[in-house]
>>> print(open('run.csv').read())   # CSV, C-alpha atoms
chain,number,residue,atom,x,y,z
Y,1,MET,CA,25.4,30.5,65.3
Y,2,SER,CA,24.9,26.7,64.9
Y,3,THR,CA,21.1,27.1,65.5
Y,4,MET,CA,20.9,29.8,62.8
Y,5,SER,CA,22.8,27.6,60.3
Y,6,ASN,CA,20.6,24.6,61.2
Y,7,SER,CA,17.4,26.5,60.5
Y,8,LEU,CA,18.9,27.8,57.2
Y,9,VAL,CA,19.7,24.3,56.1
Y,10,GLU,CA,16.2,23.1,57.2
Y,11,SER,CA,14.5,25.8,55.2
Y,12,GLN,CA,16.6,25.0,52.2
Y,13,VAL,CA,15.7,21.3,52.5
Y,14,GLU,CA,12.1,22.2,52.9
Y,15,SER,CA,12.0,24.4,49.7
Y,16,LEU,CA,13.9,21.7,47.8
Y,17,ALA,CA,11.4,19.1,48.9
Y,18,THR,CA,8.4,21.1,48.0
Y,19,ALA,CA,9.8,22.5,44.8
Y,20,GLY,CA,9.3,19.2,42.9
Y,21,LEU,CA,6.0,18.5,44.6
Y,22,SER,CA,2.8,19.4,42.8
Y,23,GLN,CA,0.6,21.9,44.7
Y,24,GLY,CA,-2.5,21.2,42.6
Y,25,ASP,CA,-5.6,19.5,43.8
Y,26,VAL,CA,-7.6,17.0,41.6
Y,27,SER,CA,-10.1,19.7,40.9
Y,28,ASP,CA,-7.3,21.9,39.5
Y,29,PHE,CA,-6.2,19.2,37.1
Y,30,PHE,CA,-9.9,18.8,36.1
Y,31,ALA,CA,-10.2,22.5,35.5
Y,32,LEU,CA,-7.2,22.3,33.1
Y,33,LEU,CA,-9.4,20.2,30.8
Y,34,LYS,CA,-11.9,23.1,30.3
Y,35,PRO,CA,-14.9,21.1,31.5
Y,36,ARG,CA,-17.4,23.4,29.8
Y,37,VAL,CA,-15.7,23.1,26.4
Y,38,MET,CA,-15.4,19.4,27.0
Y,39,PHE,CA,-19.2,19.2,27.6
Y,40,LEU,CA,-19.7,20.9,24.2
Y,41,VAL,CA,-17.3,18.5,22.5
Y,42,VAL,CA,-19.1,15.4,24.0
Y,43,PHE,CA,-22.5,16.9,23.2
Y,44,THR,CA,-21.7,17.7,19.5
Y,45,ALA,CA,-19.8,14.4,19.1
Y,46,LEU,CA,-22.8,12.5,20.5
Y,47,VAL,CA,-25.1,14.1,17.9
Y,48,GLY,CA,-22.5,13.2,15.2
Y,49,MET,CA,-22.9,9.6,16.4
Y,50,VAL,CA,-26.7,9.4,16.6
Y,51,VAL,CA,-27.3,10.9,13.2
Y,52,SER,CA,-25.1,8.3,11.6
Y,53,PRO,CA,-26.7,4.9,11.1
Y,54,SER,CA,-24.3,2.3,12.4
Y,55,ASN,CA,-24.4,-1.1,14.1
Y,56,VAL,CA,-21.5,-0.5,16.3
Y,57,HIS,CA,-21.6,-1.9,19.9
Y,58,PRO,CA,-22.9,0.6,22.4
Y,59,ILE,CA,-19.8,0.1,24.6
Y,60,VAL,CA,-17.5,0.8,21.7
Y,61,ALA,CA,-19.5,3.9,20.9
Y,62,PHE,CA,-19.4,5.0,24.6
Y,63,VAL,CA,-15.6,4.5,24.9
Y,64,SER,CA,-15.1,6.3,21.6
Y,65,LEU,CA,-17.1,9.2,22.9
Y,66,LEU,CA,-15.1,9.2,26.2
Y,67,MET,CA,-11.8,9.3,24.2
Y,68,ILE,CA,-13.0,12.2,22.1
Y,69,ALA,CA,-13.9,14.0,25.4
Y,70,VAL,CA,-10.5,13.2,26.8
Y,71,GLY,CA,-8.8,14.4,23.6
Y,72,GLY,CA,-10.8,17.6,23.7
Y,73,GLY,CA,-9.9,18.1,27.4
Y,74,ALA,CA,-6.2,17.4,26.6
Y,75,SER,CA,-6.2,20.1,23.9
Y,76,GLY,CA,-7.7,22.5,26.4
Y,77,CYS,CA,-5.0,21.7,28.9
Y,78,LEU,CA,-2.2,22.2,26.3
Y,79,ASN,CA,-3.9,25.5,25.3
Y,80,MET,CA,-3.8,26.6,29.0
Y,81,TRP,CA,-0.1,25.6,29.2
Y,82,TRP,CA,0.8,27.7,26.1
Y,83,ASP,CA,-1.4,30.7,27.0
Y,84,ALA,CA,-0.6,30.9,30.7
Y,85,ASP,CA,1.1,34.3,30.2
Y,86,ILE,CA,-1.9,35.9,28.5
Y,87,ASP,CA,-4.4,34.2,30.8
Y,88,ALA,CA,-2.7,35.9,33.8
Y,89,VAL,CA,-3.6,39.4,32.5
Y,90,MET,CA,-7.2,38.7,31.4
Y,91,THR,CA,-10.0,39.0,34.1
Y,92,ARG,CA,-11.9,36.1,32.5
Y,93,THR,CA,-8.9,33.7,32.7
Y,94,ARG,CA,-6.6,34.9,35.5
Y,95,LYS,CA,-8.0,32.4,38.0
Y,96,ARG,CA,-7.1,29.4,35.8
Y,97,PRO,CA,-4.8,26.8,37.6
Y,98,ILE,CA,-1.5,27.9,36.0
Y,99,PRO,CA,-1.7,31.7,36.4
Y,100,ALA,CA,-3.2,31.1,39.9
Y,101,GLY,CA,0.0,29.2,40.7
Y,102,LYS,CA,-1.8,26.0,41.6
Y,103,ILE,CA,-0.3,23.9,38.8
Y,104,GLN,CA,3.2,24.3,37.3
Y,105,PRO,CA,3.4,24.8,33.5
Y,106,GLY,CA,5.5,21.6,33.2
Y,107,GLU,CA,2.9,19.6,35.0
Y,108,ALA,CA,0.2,20.9,32.6
Y,109,LEU,CA,2.3,20.1,29.6
Y,110,ALA,CA,3.0,16.5,30.8
Y,111,PHE,CA,-0.7,16.0,31.7
Y,112,GLY,CA,-1.9,17.4,28.3
Y,113,VAL,CA,0.6,15.3,26.2
Y,114,THR,CA,-0.2,12.1,28.2
Y,115,LEU,CA,-3.9,12.5,27.7
Y,116,SER,CA,-3.5,13.5,24.0
Y,117,VAL,CA,-1.4,10.5,23.2
Y,118,GLY,CA,-3.5,8.2,25.3
Y,119,SER,CA,-6.9,9.3,23.9
Y,120,VAL,CA,-5.7,9.0,20.3
Y,121,ILE,CA,-4.2,5.5,20.8
Y,122,ILE,CA,-7.2,4.1,22.7
Y,123,LEU,CA,-9.6,5.6,20.1
Y,124,GLY,CA,-7.6,3.9,17.4
Y,125,LEU,CA,-7.6,0.6,19.2
Y,126,VAL,CA,-11.3,0.7,20.2
Y,127,SER,CA,-12.8,2.1,17.0
Y,128,ASN,CA,-10.6,2.7,13.9
Y,129,TRP,CA,-7.5,4.7,12.9
Y,130,LEU,CA,-9.4,7.1,10.7
Y,131,ALA,CA,-11.2,8.4,13.8
Y,132,ALA,CA,-7.9,8.4,15.8
Y,133,GLY,CA,-6.2,10.3,13.0
Y,134,LEU,CA,-9.0,12.9,13.0
Y,135,LEU,CA,-8.8,13.3,16.8
Y,136,ALA,CA,-5.0,13.7,16.6
Y,137,PHE,CA,-5.5,16.3,13.8
Y,138,THR,CA,-8.1,18.1,16.0
Y,139,ILE,CA,-5.7,18.3,18.9
Y,140,PHE,CA,-2.9,19.4,16.7
Y,141,PHE,CA,-5.1,22.1,15.0
Y,142,TYR,CA,-6.3,23.5,18.3
Y,143,VAL,CA,-2.9,23.5,20.1
Y,144,VAL,CA,-0.4,24.3,17.3
Y,145,VAL,CA,-2.4,26.0,14.5
Y,146,TYR,CA,-4.8,28.0,16.7
Y,147,SER,CA,-3.1,28.5,20.1
Y,148,MET,CA,0.6,28.7,19.1
Y,149,TRP,CA,0.2,30.3,15.7
Y,150,LEU,CA,-3.0,32.1,14.8
Y,151,LYS,CA,-4.3,33.4,18.2
Y,152,ARG,CA,-1.5,35.9,18.6
Y,153,THR,CA,-0.9,36.8,15.0
Y,154,THR,CA,-4.1,37.4,13.1
Y,155,GLN,CA,-7.6,38.8,13.6
Y,156,GLN,CA,-8.9,35.8,11.8
Y,157,ASN,CA,-7.7,33.6,14.7
Y,158,ILE,CA,-11.1,32.3,15.9
Y,159,VAL,CA,-12.4,31.9,12.4
Y,160,ILE,CA,-9.8,29.4,11.3
Y,161,GLY,CA,-9.2,28.1,14.8
Y,162,GLY,CA,-13.0,27.4,15.0
Y,163,ALA,CA,-12.4,24.4,12.8
Y,164,ALA,CA,-10.9,22.6,15.8
Y,165,GLY,CA,-14.1,23.1,17.8
Y,166,ALA,CA,-16.2,22.0,14.9
Y,167,LEU,CA,-14.5,18.7,14.2
Y,168,PRO,CA,-15.9,16.5,17.0
Y,169,PRO,CA,-19.1,15.4,15.1
Y,170,ILE,CA,-16.8,14.3,12.2
Y,171,VAL,CA,-14.5,12.4,14.5
Y,172,ALA,CA,-17.5,10.8,16.2
Y,173,GLN,CA,-19.1,9.7,12.9
Y,174,ALA,CA,-15.8,8.3,11.8
Y,175,ALA,CA,-15.5,6.4,15.1
Y,176,VAL,CA,-18.9,4.6,14.6
Y,177,THR,CA,-19.1,4.2,10.9
Y,178,GLY,CA,-15.5,4.2,9.7
Y,179,HIS,CA,-16.1,6.9,7.2
Y,180,VAL,CA,-17.0,10.6,7.0
Y,181,SER,CA,-20.3,11.6,5.2
Y,182,LEU,CA,-21.9,14.9,4.2
Y,183,ASP,CA,-24.1,14.8,7.4
Y,184,SER,CA,-21.3,15.3,9.8
Y,185,VAL,CA,-19.6,17.8,7.4
Y,186,VAL,CA,-22.8,19.9,7.6
Y,187,LEU,CA,-22.7,19.7,11.4
Y,188,PHE,CA,-19.0,20.8,11.2
Y,189,ALA,CA,-20.0,23.7,8.9
Y,190,ILE,CA,-22.8,24.9,11.3
Y,191,ILE,CA,-20.4,25.0,14.3
Y,192,PHE,CA,-17.7,26.6,12.1
Y,193,MET,CA,-20.0,29.3,10.9
Y,194,TRP,CA,-21.4,29.8,14.4
Y,195,THR,CA,-18.0,30.5,16.0
Y,196,PRO,CA,-17.2,34.0,14.6
Y,197,PRO,CA,-20.5,35.7,15.7
Y,198,HIS,CA,-20.4,33.9,19.0
Y,199,PHE,CA,-16.8,34.9,19.9
Y,200,TRP,CA,-16.9,38.3,18.4
Y,201,ALA,CA,-20.0,39.2,20.4
Y,202,LEU,CA,-18.0,38.3,23.5
Y,203,ALA,CA,-14.9,40.2,22.1
Y,204,LEU,CA,-17.0,43.3,21.7
Y,205,VAL,CA,-17.8,43.2,25.4
Y,206,LYS,CA,-14.4,42.1,26.6
Y,207,SER,CA,-12.2,44.1,24.0
Y,208,GLY,CA,-10.3,45.7,26.9
Y,209,ASP,CA,-9.2,42.3,28.2
Y,210,TYR,CA,-8.0,41.2,24.8
Y,211,GLU,CA,-6.2,44.5,24.2
Y,212,ARG,CA,-4.3,44.2,27.5
Y,213,ALA,CA,-3.3,40.6,26.6
Y,214,GLY,CA,-2.2,41.8,23.2
Y,215,ILE,CA,-4.4,39.3,21.3
Y,216,PRO,CA,-5.4,40.7,17.9
Y,217,MET,CA,-9.2,40.0,18.2
Y,218,MET,CA,-11.3,41.6,15.5
Y,219,PRO,CA,-12.7,44.5,17.6
Y,220,ASN,CA,-9.1,45.6,18.6
Y,221,VAL,CA,-7.7,45.3,15.1
Y,222,ALA,CA,-10.4,46.1,12.6
Y,223,GLY,CA,-12.5,48.1,15.1
Y,224,PRO,CA,-15.9,47.5,16.6
Y,225,ASP,CA,-17.9,48.6,13.6
Y,226,ALA,CA,-16.1,46.3,11.2
Y,227,THR,CA,-16.7,43.5,13.7
Y,228,ARG,CA,-20.4,44.3,13.9
Y,229,PHE,CA,-20.6,44.0,10.1
Y,230,GLN,CA,-18.7,40.7,10.1
Y,231,ILE,CA,-21.0,39.3,12.8
Y,232,LEU,CA,-24.0,40.2,10.7
Y,233,ALA,CA,-22.4,38.7,7.6
Y,234,TYR,CA,-21.6,35.4,9.3
Y,235,THR,CA,-25.0,35.2,10.8
Y,236,ILE,CA,-26.7,35.7,7.4
Y,237,LEU,CA,-24.7,32.7,6.3
Y,238,LEU,CA,-25.3,30.7,9.5
Y,239,ALA,CA,-29.1,31.0,9.6
Y,240,PRO,CA,-29.8,29.2,6.3
Y,241,LEU,CA,-27.0,26.8,6.9
Y,242,GLY,CA,-28.8,25.8,10.1
Y,243,MET,CA,-31.6,24.5,7.8
Y,244,ALA,CA,-29.2,22.3,5.8
Y,245,PRO,CA,-29.9,19.1,7.9
Y,246,VAL,CA,-33.6,19.5,6.8
Y,247,ALA,CA,-32.6,19.6,3.2
Y,248,LEU,CA,-30.3,16.6,3.6
Y,249,GLY,CA,-33.1,14.7,5.3
Y,250,PHE,CA,-31.6,14.1,8.8
Y,251,GLY,CA,-33.2,17.1,10.4
Y,252,GLY,CA,-36.9,16.4,11.1
Y,253,LEU,CA,-39.9,18.6,11.6
Y,254,ALA,CA,-39.0,19.7,15.2
Y,255,TYR,CA,-35.5,20.5,14.0
Y,256,ALA,CA,-36.8,22.5,11.1
Y,257,LEU,CA,-39.0,24.6,13.5
Y,258,ILE,CA,-36.2,25.2,16.0
Y,259,ALA,CA,-33.6,26.0,13.2
Y,260,LEU,CA,-36.1,28.5,11.6
Y,261,ILE,CA,-37.1,30.3,14.8
Y,262,GLY,CA,-33.5,30.2,16.2
Y,263,GLY,CA,-32.1,31.4,12.9
Y,264,PHE,CA,-34.5,34.4,12.9
Y,265,GLY,CA,-33.5,35.1,16.6
Y,266,MET,CA,-29.8,35.1,15.7
Y,267,LEU,CA,-30.5,37.3,12.7
Y,268,ALA,CA,-32.6,39.8,14.7
Y,269,LEU,CA,-29.9,40.1,17.4
Y,270,ALA,CA,-27.1,40.4,14.8
Y,271,VAL,CA,-29.0,43.3,13.2
Y,272,GLN,CA,-29.4,44.9,16.6
Y,273,VAL,CA,-25.7,44.5,17.3
Y,274,TYR,CA,-25.0,46.1,13.9
Y,275,ARG,CA,-27.3,49.0,14.5
Y,276,LEU,CA,-26.6,49.8,18.2
Y,277,ARG,CA,-23.0,51.1,18.3
Y,278,GLN,CA,-22.8,53.3,21.4
Y,279,GLY,CA,-22.8,53.0,25.1
Y,280,GLU,CA,-24.6,50.6,27.4
Y,281,PRO,CA,-27.3,49.4,24.9
Y,282,ALA,CA,-24.6,48.3,22.4
Y,283,MET,CA,-22.8,46.3,25.1
Y,284,ARG,CA,-26.0,44.8,26.3
Y,285,VAL,CA,-27.2,43.6,22.9
Y,286,ALA,CA,-23.7,42.1,22.2
Y,287,GLN,CA,-23.9,40.2,25.4
Y,288,GLN,CA,-27.5,39.1,24.5
Y,289,LEU,CA,-26.2,37.8,21.1
Y,290,PHE,CA,-23.4,35.9,22.9
Y,291,GLY,CA,-25.8,34.3,25.3
Y,292,PHE,CA,-28.4,33.5,22.6
Y,293,SER,CA,-25.8,32.0,20.3
Y,294,ILE,CA,-25.0,29.4,23.0
Y,295,LEU,CA,-28.7,28.6,23.3
Y,296,TYR,CA,-29.2,28.5,19.5
Y,297,LEU,CA,-26.4,25.9,19.0
Y,298,PHE,CA,-27.5,23.9,22.0
Y,299,LEU,CA,-31.1,23.7,20.7
Y,300,LEU,CA,-30.1,22.7,17.2
Y,301,PHE,CA,-28.0,19.8,18.4
Y,302,ALA,CA,-30.3,18.8,21.3
Y,303,THR,CA,-33.2,18.6,18.8
Y,304,LEU,CA,-31.2,16.3,16.5
Y,305,LEU,CA,-30.3,14.2,19.5
Y,306,VAL,CA,-33.9,13.9,20.6
Y,307,GLU,CA,-35.1,13.2,17.1
Y,308,HIS,CA,-32.6,10.5,16.4
Y,309,GLY,CA,-31.7,9.2,19.8
Y,310,PHE,CA,-35.3,8.9,21.2
Y,311,GLY,CA,-37.2,8.1,18.1
Y,312,PHE,CA,-39.0,11.5,17.6
Y,313,PHE,CA,-37.9,11.9,14.0
Y,314,ARG,CA,-40.7,13.1,11.8
Y,315,PRO,CA,-39.6,13.9,8.2
Y,316,VAL,CA,-40.4,17.3,6.7
Y,317,PHE,CA,-40.6,16.0,3.2
Y,318,GLY,CA,-42.6,12.9,2.4
D,1,MET,CA,17.0,9.7,56.1
D,2,ALA,CA,16.5,12.2,53.3
D,3,ASP,CA,13.1,10.6,52.5
D,4,ARG,CA,12.0,11.0,56.1
D,5,LYS,CA,13.1,14.7,56.0
D,6,ARG,CA,11.0,15.2,52.8
D,7,HIS,CA,7.9,13.7,54.4
D,8,GLN,CA,8.4,15.8,57.5
D,9,SER,CA,8.5,19.0,55.4
D,10,LEU,CA,5.0,18.5,53.9
D,11,THR,CA,2.2,20.4,55.5
D,12,PRO,CA,-1.0,18.4,56.3
D,13,GLU,CA,-2.7,20.3,53.5
D,14,GLU,CA,0.0,19.2,51.0
D,15,GLN,CA,-0.2,15.6,52.2
D,16,LYS,CA,-3.9,15.7,51.7
D,17,ARG,CA,-3.6,17.0,48.2
D,18,ARG,CA,-1.0,14.4,47.3
D,19,ARG,CA,-3.2,11.7,48.7
D,20,THR,CA,-6.2,12.8,46.7
D,21,ARG,CA,-4.1,13.0,43.5
D,22,SER,CA,-2.8,9.5,44.2
D,23,LEU,CA,-6.3,8.2,44.7
D,24,ALA,CA,-7.5,9.8,41.5
D,25,LEU,CA,-4.6,8.3,39.6
D,26,ALA,CA,-5.3,4.8,41.0
D,27,LEU,CA,-9.0,5.2,40.1
D,28,THR,CA,-8.1,6.3,36.6
D,29,LEU,CA,-5.9,3.2,36.2
D,30,GLY,CA,-8.6,1.0,37.6
D,31,VAL,CA,-11.2,2.5,35.1
D,32,LEU,CA,-8.8,1.9,32.2
D,33,VAL,CA,-8.4,-1.8,33.2
D,34,VAL,CA,-12.2,-2.3,33.3
D,35,LEU,CA,-12.6,-0.4,30.1
D,36,PHE,CA,-10.0,-2.5,28.2
D,37,TYR,CA,-11.7,-5.7,29.6
D,38,VAL,CA,-15.2,-4.6,28.7
D,39,VAL,CA,-14.2,-3.4,25.2
D,40,THR,CA,-12.3,-6.7,24.5
D,41,ILE,CA,-15.5,-8.7,25.4
D,42,ALA,CA,-17.7,-6.3,23.4
D,43,LYS,CA,-15.5,-6.4,20.3
D,44,LEU,CA,-14.7,-10.1,20.3
D,45,GLY,CA,-18.0,-11.3,21.8
D,46,PRO,CA,-18.5,-14.5,23.9
D,47,GLY,CA,-16.4,-16.3,21.3
D,48,VAL,CA,-13.3,-15.0,23.2
D,49,LEU,CA,-13.8,-17.8,25.7
D,50,GLN,CA,-14.1,-20.6,23.1
D,51,ARG,CA,-10.6,-21.5,22.0
D,52,PRO,CA,-9.5,-24.8,20.4
D,53,MET,CA,-7.7,-26.9,22.9
>>> encode(input="run.csv", output="structure tokens")
Amino acid sequence: MSTMSNSLVESQVESLATAGLSQGDVSDFFALLKPRVMFLVVFTALVGMVVSPSNVHPIVAFVSLLMIAVGGGASGCLNMWWDADIDAVMTRTRKRPIPAGKIQPGEALAFGVTLSVGSVIILGLVSNWLAAGLLAFTIFFYVVVYSMWLKRTTQQNIVIGGAAGALPPIVAQAAVTGHVSLDSVVLFAIIFMWTPPHFWALALVKSGDYERAGIPMMPNVAGPDATRFQILAYTILLAPLGMAPVALGFGGLAYALIALIGGFGMLALAVQVYRLRQGEPAMRVAQQLFGFSILYLFLLFATLLVEHGFGFFRPVFG
Amino acid sequence: MADRKRHQSLTPEEQKRRRTRSLALALTLGVLVVLFYVVTIAKLGPGVLQRPM
């Protein structure tokens, strides 16, 4: 009897001891920051910096970029904390640290809030408070406006929420120049306009996933055909918008060529997505558009980076 | 006594994970210290060392 009660007490002590102990590995905490999204944030922010003439110290620019990356990661972490319930039912997200049981929701919340506050304060101290305010707004917009409000209530979720993902070039420009100019606003507009065709192409392929999770993505609410039309409409706006840096003079010859060819590529695929509506070919072309859209945005920004960061800028006019 | 009990209840895997988390946290704090120092020097320049006596 006494042995039985002893083992019962021991098991209770053990469960109490481990209940408050994190089970997550360092890699799980890193995964909470959505490293791939963070890479995109760093990449677009870096381009926002290099296209903006400034005489800021490289170390200040580097730390600013680091804080923008940490802020982006923090908003990804808070998004995972809020969306843990729907992540658990979607094949694409069910292995994330919270639904997989590796990290407790409370830990993710504390981690995300700490990084958010820390990144904003350090960015303010290192660069300026305009940039810090814009970073705080970006985190707020992604976590509160997109994740908590729009994502589960409207089919326009990723259209409006896309603004958060498009803001890093503006934050970065503010960090190195102290102001926001039309150049970074154009970069913002390109990412903003790119987001709907990119995500809706994925949503066409993964509509079952979103349906199960109860997220009102465009294909589930308005139907696949309406989504195809909207993909085409946004792409028609995106392709010429991609040429705007050339018109404003900060996109050089190489950029003009890439934007032109890439824009036609996006348009051709969007037309195919609009035309092919049944069976395997329809899914395949939607997947192709999703993949090509990533390449398109990457090439646009990489070309600007090479032109401005490595001295390859050749003006189109004059 | 209670602390000893807690330590005894951790599996080797849990201990390893806690150790790596602690190391990562220490590393992060170290990086922050270096970052603040370097940024201070970068923003203020060498003049930071020249103070009126």
>>> residues_near_point(input="run.csv", point="(-32.2, 20.0, 22.2)", cutoff="12 Å", atoms="all atoms listed in the file", output="PyMOL selection string")
chain Y and resi 43-44+47+254-255+257-259+262+294-310+312
>>> interface_residues(input="run.csv", of="chain D", to="chain Y", cutoff="9 Å", atoms="only C-alpha atoms", output="ChimeraX atom specification")
/D:5-10,14,16-18,20-21,24,35-36,38-40,42-43
>>> closest_residue(input="run.csv", among="Y:Val89, Y:Ala201, Y:Met217, Y:Met38", to="Y:Arg152", atoms="all atoms listed in the file")
Y:Met217
>>> atom_distance(input="run.csv", atom1="atom CA of Y:Gly242", atom2="atom CA of Y:Leu267")
11.9 Å
>>> residues_near_point(input="run.csv", point="(-30.2, 25.4, 7.6)", cutoff="10 Å", atoms="all atoms listed in the file", output="JSON, numbers by chain")
{"Y": [186, 190, 237, 238, 239, 240, 241, 242, 243, 244, 245, 246, 247, 248, 251, 255, 256, 259, 260, 263, 300]}
>>> write_last_selection(input="run.csv", atoms="C-alpha atoms", output="short mmCIF file (atom, residue, chain, number, x, y, z; two decimals), in the frame of the given file")
data_model
loop_
_atom_site.label_atom_id
_atom_site.label_comp_id
_atom_site.auth_asym_id
_atom_site.auth_seq_id
_atom_site.Cartn_x
_atom_site.Cartn_y
_atom_site.Cartn_z
CA VAL Y 186 -22.80 19.90 7.60
CA ILE Y 190 -22.80 24.90 11.30
CA LEU Y 237 -24.70 32.70 6.30
CA LEU Y 238 -25.30 30.70 9.50
CA ALA Y 239 -29.10 31.00 9.60
CA PRO Y 240 -29.80 29.20 6.30
CA LEU Y 241 -27.00 26.80 6.90
CA GLY Y 242 -28.80 25.80 10.10
CA MET Y 243 -31.60 24.50 7.80
CA ALA Y 244 -29.20 22.30 5.80
CA PRO Y 245 -29.90 19.10 7.90
CA VAL Y 246 -33.60 19.50 6.80
CA ALA Y 247 -32.60 19.60 3.20
CA LEU Y 248 -30.30 16.60 3.60
CA GLY Y 251 -33.20 17.10 10.40
CA TYR Y 255 -35.50 20.50 14.00
CA ALA Y 256 -36.80 22.50 11.10
CA ALA Y 259 -33.60 26.00 13.20
CA LEU Y 260 -36.10 28.50 11.60
CA GLY Y 263 -32.10 31.40 12.90
CA LEU Y 300 -30.10 22.70 17.20
#
>>> residues_around(input="run.csv", residues="stretch 139-148 of chain Y", least_positions_apart="2", cutoff="9 Å", atoms="all atoms listed in the file", output="PyMOL selection string")
chain Y and resi 71-72+74-76+78-79+82-83+116+134-137+150-152+157-158+160-165
>>> build_atoms(input="run.csv", residues="stretch 40-46 of chain D", atoms="all heavy atoms", output="PDB file, keeping the file's coordinate frame")
ATOM      1  N   THR D  40     -12.797  -5.380  25.101  1.00  0.00           N
ATOM      2  CA  THR D  40     -12.300  -6.700  24.500  1.00  0.00           C
ATOM      3  C   THR D  40     -13.506  -7.613  24.352  1.00  0.00           C
ATOM      4  O   THR D  40     -13.704  -8.204  23.278  1.00  0.00           O
ATOM      5  CB  THR D  40     -11.236  -7.289  25.386  1.00  0.00           C
ATOM      6  OG1 THR D  40     -10.199  -6.332  25.554  1.00  0.00           O
ATOM      7  CG2 THR D  40     -10.675  -8.541  24.737  1.00  0.00           C
ATOM      8  N   ILE D  41     -14.297  -7.754  25.414  1.00  0.00           N
ATOM      9  CA  ILE D  41     -15.500  -8.700  25.400  1.00  0.00           C
ATOM     10  C   ILE D  41     -16.461  -8.152  24.318  1.00  0.00           C
ATOM     11  O   ILE D  41     -17.002  -8.930  23.523  1.00  0.00           O
ATOM     12  CB  ILE D  41     -16.124  -8.764  26.751  1.00  0.00           C
ATOM     13  CG1 ILE D  41     -15.142  -9.342  27.781  1.00  0.00           C
ATOM     14  CG2 ILE D  41     -17.391  -9.615  26.682  1.00  0.00           C
ATOM     15  CD1 ILE D  41     -14.662 -10.741  27.496  1.00  0.00           C
ATOM     16  N   ALA D  42     -16.686  -6.823  24.305  1.00  0.00           N
ATOM     17  CA  ALA D  42     -17.700  -6.300  23.400  1.00  0.00           C
ATOM     18  C   ALA D  42     -17.242  -6.467  21.916  1.00  0.00           C
ATOM     19  O   ALA D  42     -18.059  -6.768  21.051  1.00  0.00           O
ATOM     20  CB  ALA D  42     -17.858  -4.772  23.650  1.00  0.00           C
ATOM     21  N   LYS D  43     -15.946  -6.323  21.648  1.00  0.00           N
ATOM     22  CA  LYS D  43     -15.500  -6.400  20.300  1.00  0.00           C
ATOM     23  C   LYS D  43     -15.362  -7.895  19.804  1.00  0.00           C
ATOM     24  O   LYS D  43     -15.656  -8.218  18.666  1.00  0.00           O
ATOM     25  CB  LYS D  43     -14.120  -5.740  20.105  1.00  0.00           C
ATOM     26  CG  LYS D  43     -14.252  -4.234  19.988  1.00  0.00           C
ATOM     27  CD  LYS D  43     -12.906  -3.572  19.822  1.00  0.00           C
ATOM     28  CE  LYS D  43     -12.430  -3.584  18.406  1.00  0.00           C
ATOM     29  NZ  LYS D  43     -12.914  -2.460  17.614  1.00  0.00           N
ATOM     30  N   LEU D  44     -14.913  -8.742  20.716  1.00  0.00           N
ATOM     31  CA  LEU D  44     -14.700 -10.100  20.300  1.00  0.00           C
ATOM     32  C   LEU D  44     -15.936 -11.009  20.588  1.00  0.00           C
ATOM     33  O   LEU D  44     -16.069 -12.089  20.023  1.00  0.00           O
ATOM     34  CB  LEU D  44     -13.489 -10.722  21.043  1.00  0.00           C
ATOM     35  CG  LEU D  44     -12.149 -10.042  20.729  1.00  0.00           C
ATOM     36  CD1 LEU D  44     -11.028 -10.682  21.521  1.00  0.00           C
ATOM     37  CD2 LEU D  44     -11.840 -10.130  19.248  1.00  0.00           C
ATOM     38  N   GLY D  45     -16.801 -10.544  21.490  1.00  0.00           N
ATOM     39  CA  GLY D  45     -18.000 -11.300  21.800  1.00  0.00           C
ATOM     40  C   GLY D  45     -17.704 -12.490  22.695  1.00  0.00           C
ATOM     41  O   GLY D  45     -16.561 -12.698  23.119  1.00  0.00           O
ATOM     42  N   PRO D  46     -18.724 -13.313  22.968  1.00  0.00           N
ATOM     43  CA  PRO D  46     -18.500 -14.500  23.900  1.00  0.00           C
ATOM     44  C   PRO D  46     -17.526 -15.470  23.301  1.00  0.00           C
ATOM     45  O   PRO D  46     -16.968 -16.287  24.032  1.00  0.00           O
ATOM     46  CB  PRO D  46     -19.895 -15.086  23.991  1.00  0.00           C
ATOM     47  CG  PRO D  46     -20.822 -14.273  23.161  1.00  0.00           C
ATOM     48  CD  PRO D  46     -20.063 -13.213  22.454  1.00  0.00           C
TER      49      PRO D  46
END
